[in-house]
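Shown below: query-v1.cif, with mmCIF, C-alpha atoms; chains and numbers go by the auth columns.
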data_query
loop_
_atom_site.group_PDB
_atom_site.id
_atom_site.type_symbol
_atom_site.label_atom_id
_atom_site.label_comp_id
_atom_site.label_asym_id
_atom_site.label_seq_id
_atom_site.Cartn_x
_atom_site.Cartn_y
_atom_site.Cartn_z
_atom_site.B_iso_or_equiv
_atom_site.auth_seq_id
_atom_site.auth_asym_id
ATOM 1 C CA MET A 1 11.748 7.630 -0.313 0.00 29 D
ATOM 2 C CA LYS A 2 10.002 7.103 -3.618 0.00 30 D
ATOM 3 C CA PRO A 3 8.935 10.232 -5.583 0.00 31 D
ATOM 4 C CA LYS A 4 5.265 11.153 -5.491 0.00 32 D
ATOM 5 C CA SER A 5 3.028 9.662 -8.157 0.00 33 D
ATOM 6 C CA GLU A 6 0.591 11.620 -10.289 0.00 34 D
ATOM 7 C CA LEU A 7 -2.351 10.723 -8.024 0.00 35 D
ATOM 8 C CA SER A 8 -0.287 11.574 -4.971 0.00 36 D
ATOM 9 C CA LEU A 9 0.255 15.058 -6.377 0.00 37 D
ATOM 10 C CA GLN A 10 -3.498 15.334 -7.020 0.00 38 D
ATOM 11 C CA LEU A 11 -4.120 14.304 -3.418 0.00 39 D
ATOM 12 C CA TYR A 12 -1.733 17.034 -2.266 0.00 40 D
ATOM 13 C CA GLU A 13 -3.662 19.640 -4.255 0.00 41 D
ATOM 14 C CA LEU A 14 -7.005 18.309 -2.984 0.00 42 D
ATOM 15 C CA LEU A 15 -5.894 18.546 0.628 0.00 43 D
ATOM 16 C CA LEU A 16 -4.512 22.050 0.092 0.00 44 D
ATOM 17 C CA SER A 17 -7.743 23.180 -1.563 0.00 45 D
ATOM 18 C CA ARG A 18 -9.650 21.969 1.498 0.00 46 D
ATOM 19 C CA GLY A 19 -7.578 24.192 3.755 0.00 47 D
ATOM 20 C CA TYR A 20 -5.113 21.764 5.308 0.00 48 D
ATOM 21 C CA SER A 21 -1.610 23.065 6.007 0.00 49 D
ATOM 22 C CA GLU A 22 1.227 22.472 3.571 0.00 50 D
ATOM 23 C CA PRO A 23 3.302 20.452 6.082 0.00 51 D
ATOM 24 C CA PHE A 24 0.291 18.203 6.763 0.00 52 D
ATOM 25 C CA CYS A 25 -0.403 17.719 3.033 0.00 53 D
ATOM 26 C CA ASP A 26 3.264 16.949 2.446 0.00 54 D
ATOM 27 C CA LEU A 27 3.338 14.406 5.280 0.00 55 D
ATOM 28 C CA VAL A 28 0.247 12.597 3.984 0.00 56 D
ATOM 29 C CA THR A 29 1.471 12.467 0.394 0.00 57 D
ATOM 30 C CA LYS A 30 4.980 11.376 1.373 0.00 58 D
ATOM 31 C CA ASN A 31 3.378 8.317 2.964 0.00 59 D
ATOM 32 C CA LEU A 32 0.747 7.792 0.271 0.00 60 D
ATOM 33 C CA ASN A 33 3.170 8.208 -2.631 0.00 61 D
ATOM 34 C CA THR A 34 1.804 5.589 -5.038 0.00 62 D
ATOM 35 C CA ASP A 35 -1.228 5.735 -7.304 0.00 63 D
ATOM 36 C CA PHE A 36 -2.806 2.859 -5.350 0.00 64 D
ATOM 37 C CA THR A 37 -2.524 4.447 -1.899 0.00 65 D
ATOM 38 C CA ALA A 38 -3.230 8.014 -3.028 0.00 66 D
ATOM 39 C CA GLY A 39 -6.225 6.830 -5.043 0.00 67 D
ATOM 40 C CA ARG A 40 -7.648 5.117 -1.983 0.00 68 D
ATOM 41 C CA MET A 41 -7.331 8.329 0.034 0.00 69 D
ATOM 42 C CA ILE A 42 -8.872 10.443 -2.740 0.00 70 D
ATOM 43 C CA GLY A 43 -11.802 8.024 -2.830 0.00 71 D
ATOM 44 C CA TYR A 44 -12.188 8.310 0.938 0.00 72 D
ATOM 45 C CA LEU A 45 -12.094 12.111 0.831 0.00 73 D
ATOM 46 C CA HIS A 46 -14.844 12.264 -1.794 0.00 74 D
ATOM 47 C CA TYR A 47 -17.295 10.975 0.820 0.00 75 D
ATOM 48 C CA TYR A 48 -16.475 13.707 3.341 0.00 76 D
ATOM 49 C CA VAL A 49 -16.142 17.479 3.137 0.00 77 D
ATOM 50 C CA ASP A 50 -14.570 18.659 6.388 0.00 78 D
ATOM 51 C CA LEU A 51 -12.548 16.056 8.255 0.00 79 D
ATOM 52 C CA PRO A 52 -10.262 16.681 11.201 0.00 80 D
ATOM 53 C CA GLU A 53 -6.602 15.951 10.486 0.00 81 D
ATOM 54 C CA GLY A 54 -6.693 13.058 12.954 0.00 82 D
ATOM 55 C CA GLU A 55 -9.283 11.201 10.890 0.00 83 D
ATOM 56 C CA ILE A 56 -7.242 11.660 7.729 0.00 84 D
ATOM 57 C CA VAL A 57 -4.192 10.298 9.540 0.00 85 D
ATOM 58 C CA ASP A 58 -6.221 7.306 10.789 0.00 86 D
ATOM 59 C CA GLU A 59 -7.350 6.543 7.252 0.00 87 D
ATOM 60 C CA MET A 60 -3.794 6.973 5.947 0.00 88 D
ATOM 61 C CA LEU A 61 -2.536 4.428 8.489 0.00 89 D
ATOM 62 C CA SER A 62 -5.341 2.046 7.551 0.00 90 D
ATOM 63 C CA ILE A 63 -4.461 2.335 3.856 0.00 91 D
ATOM 64 C CA LEU A 64 -0.782 1.686 4.612 0.00 92 D
ATOM 65 C CA ASP A 65 -1.719 -1.331 6.732 0.00 93 D
ATOM 66 C CA ASP A 66 -3.830 -2.729 3.873 0.00 94 D
ATOM 67 C CA ARG A 67 -0.972 -2.167 1.429 0.00 95 D
ATOM 68 C CA ASN A 68 1.468 -3.984 3.705 0.00 96 D
ATOM 69 C CA ARG A 69 -0.959 -6.892 4.095 0.00 97 D
ATOM 70 C CA ILE A 70 -1.326 -7.164 0.311 0.00 98 D
ATOM 71 C CA MET A 71 2.452 -7.107 -0.147 0.00 99 D
ATOM 72 C CA LYS A 72 2.918 -9.864 2.458 0.00 100 D
ATOM 73 C CA LYS A 73 0.228 -11.948 0.762 0.00 101 D
ATOM 74 C CA LYS A 74 1.987 -11.643 -2.603 0.00 102 D
ATOM 75 C CA GLU A 75 5.306 -12.629 -1.024 0.00 103 D
ATOM 76 C CA LEU A 76 3.724 -15.712 0.537 0.00 104 D
ATOM 77 C CA GLU A 77 2.077 -16.665 -2.754 0.00 105 D
ATOM 78 C CA GLU A 78 5.503 -16.604 -4.424 0.00 106 D
ATOM 79 C CA VAL A 79 7.020 -18.727 -1.657 0.00 107 D
ATOM 80 C CA TYR A 80 4.183 -21.269 -1.880 0.00 108 D
ATOM 81 C CA ALA A 81 4.504 -21.411 -5.669 0.00 109 D
ATOM 82 C CA LYS A 82 8.235 -22.166 -5.377 0.00 110 D
ATOM 83 C CA TRP A 83 7.577 -24.742 -2.661 0.00 111 D
ATOM 84 C CA ASN A 84 4.946 -26.490 -4.773 0.00 112 D
ATOM 85 C CA MET A 85 7.319 -26.537 -7.736 0.00 113 D
ATOM 86 C CA MET A 86 10.039 -28.091 -5.585 0.00 114 D
ATOM 87 C CA MET A 87 7.587 -30.698 -4.271 0.00 115 D
ATOM 88 C CA GLU A 88 6.551 -31.625 -7.822 0.00 116 D
ATOM 89 C CA GLU A 89 10.046 -31.639 -9.339 0.00 117 D
ATOM 90 C CA GLY A 90 11.960 -32.839 -6.310 0.00 118 D
ATOM 91 C CA PHE A 91 14.800 -31.302 -4.418 0.00 119 D
ATOM 92 C CA GLY A 92 17.551 -32.525 -6.681 0.00 120 D
ATOM 93 C CA ASP A 93 18.976 -34.983 -4.125 0.00 121 D
ATOM 94 C CA ALA A 94 20.899 -37.614 -6.125 0.00 122 D
ATOM 95 C CA SER A 95 20.880 -40.171 -3.294 0.00 123 D
ATOM 96 C CA GLU A 96 17.116 -40.691 -3.679 0.00 124 D
ATOM 97 C CA ASP A 97 17.564 -41.656 -7.362 0.00 125 D
ATOM 98 C CA GLU A 98 19.889 -44.576 -6.463 0.00 126 D
ATOM 99 C CA ASP A 99 17.164 -46.652 -4.722 0.00 127 D
#
Structure rendered as structure tokens:
Amino acid sequence: MKPKSELSLQLYELLLSRGYSEPFCDLVTKNLNTDFTAGRMIGYLHYYVDLPEGEIVDEMLSILDDRNRIMKKKELEEVYAKWNMMMEEGFGDASEDED
């Protein structure tokens, strides 16, 4: 698993300061280990003071789902870009050039 980012470490400290257990904080930040995902959770936590652990877990899963959707979208954009390039330049089939 990827090491925790700077914002992920800040999220860990924020959760600890709000009284959540160390194992819970560690679990959340192991999953939200990038600046993007940890930043989203920090933003969410700024709107609420005392959340049950279950709600934090629900938000964590939602953030991870969003991240996965974004990654899939970027993958598809790359595939479509390559496909469009192949359609414009051709597939390199020499038999078509002989007509």
Name the residues captured by the PyMOL selection byres ((chain D and resi 36) around 8) when it is applied to the shown file; answer as an MDAnalysis selection string. chainID D and resid 32:35 37:40 57 60:63 66:67
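Residue neighbourhood of Asp78 in chain D, excluding near-sequence residues (fewer than 6 positions): Leu43, Ser45, Arg46, Gly47, Tyr48, Tyr72 and Ile84 of chain D, at 12 Å, using all atoms listed in the file.
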Just-selected residues, C-alpha atoms written as a compact mmCIF listing (two decimals), in the coordinates of the input:
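Saved to part09.txt:
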# COMPACT_ATOMS: atom_id res chain seq x y z
CA LEU D 43 -5.89 18.55 0.63
CA SER D 45 -7.74 23.18 -1.56
CA ARG D 46 -9.65 21.97 1.50
CA GLY D 47 -7.58 24.19 3.76
CA TYR D 48 -5.11 21.76 5.31
CA TYR D 72 -12.19 8.31 0.94
CA ILE D 84 -7.24 11.66 7.73
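The interatomic distance for the pair CA of Val85 in chain D and CA of Pro31 in chain D works out to 20.0 Å.
In this structure, CA of Leu42 in chain D sits 10.4 Å away from CA of Met69 in chain D.
Taking CA of Glu50 in chain D as the reference point, CA of Pro80 in chain D is found at 15.0 Å.
The nearest approach to Glu41 in chain D among the residues D:Asp86, D:Asp54, D:Glu116, D:Asp94, with only C-alpha atoms taken into account, belongs to D:Asp54.
Each of D:Leu44, D:Phe64, D:Phe52, D:Ile70 was compared to Ile98 in chain D using all atoms listed in the file, and D:Phe64 turns out to be the nearest.
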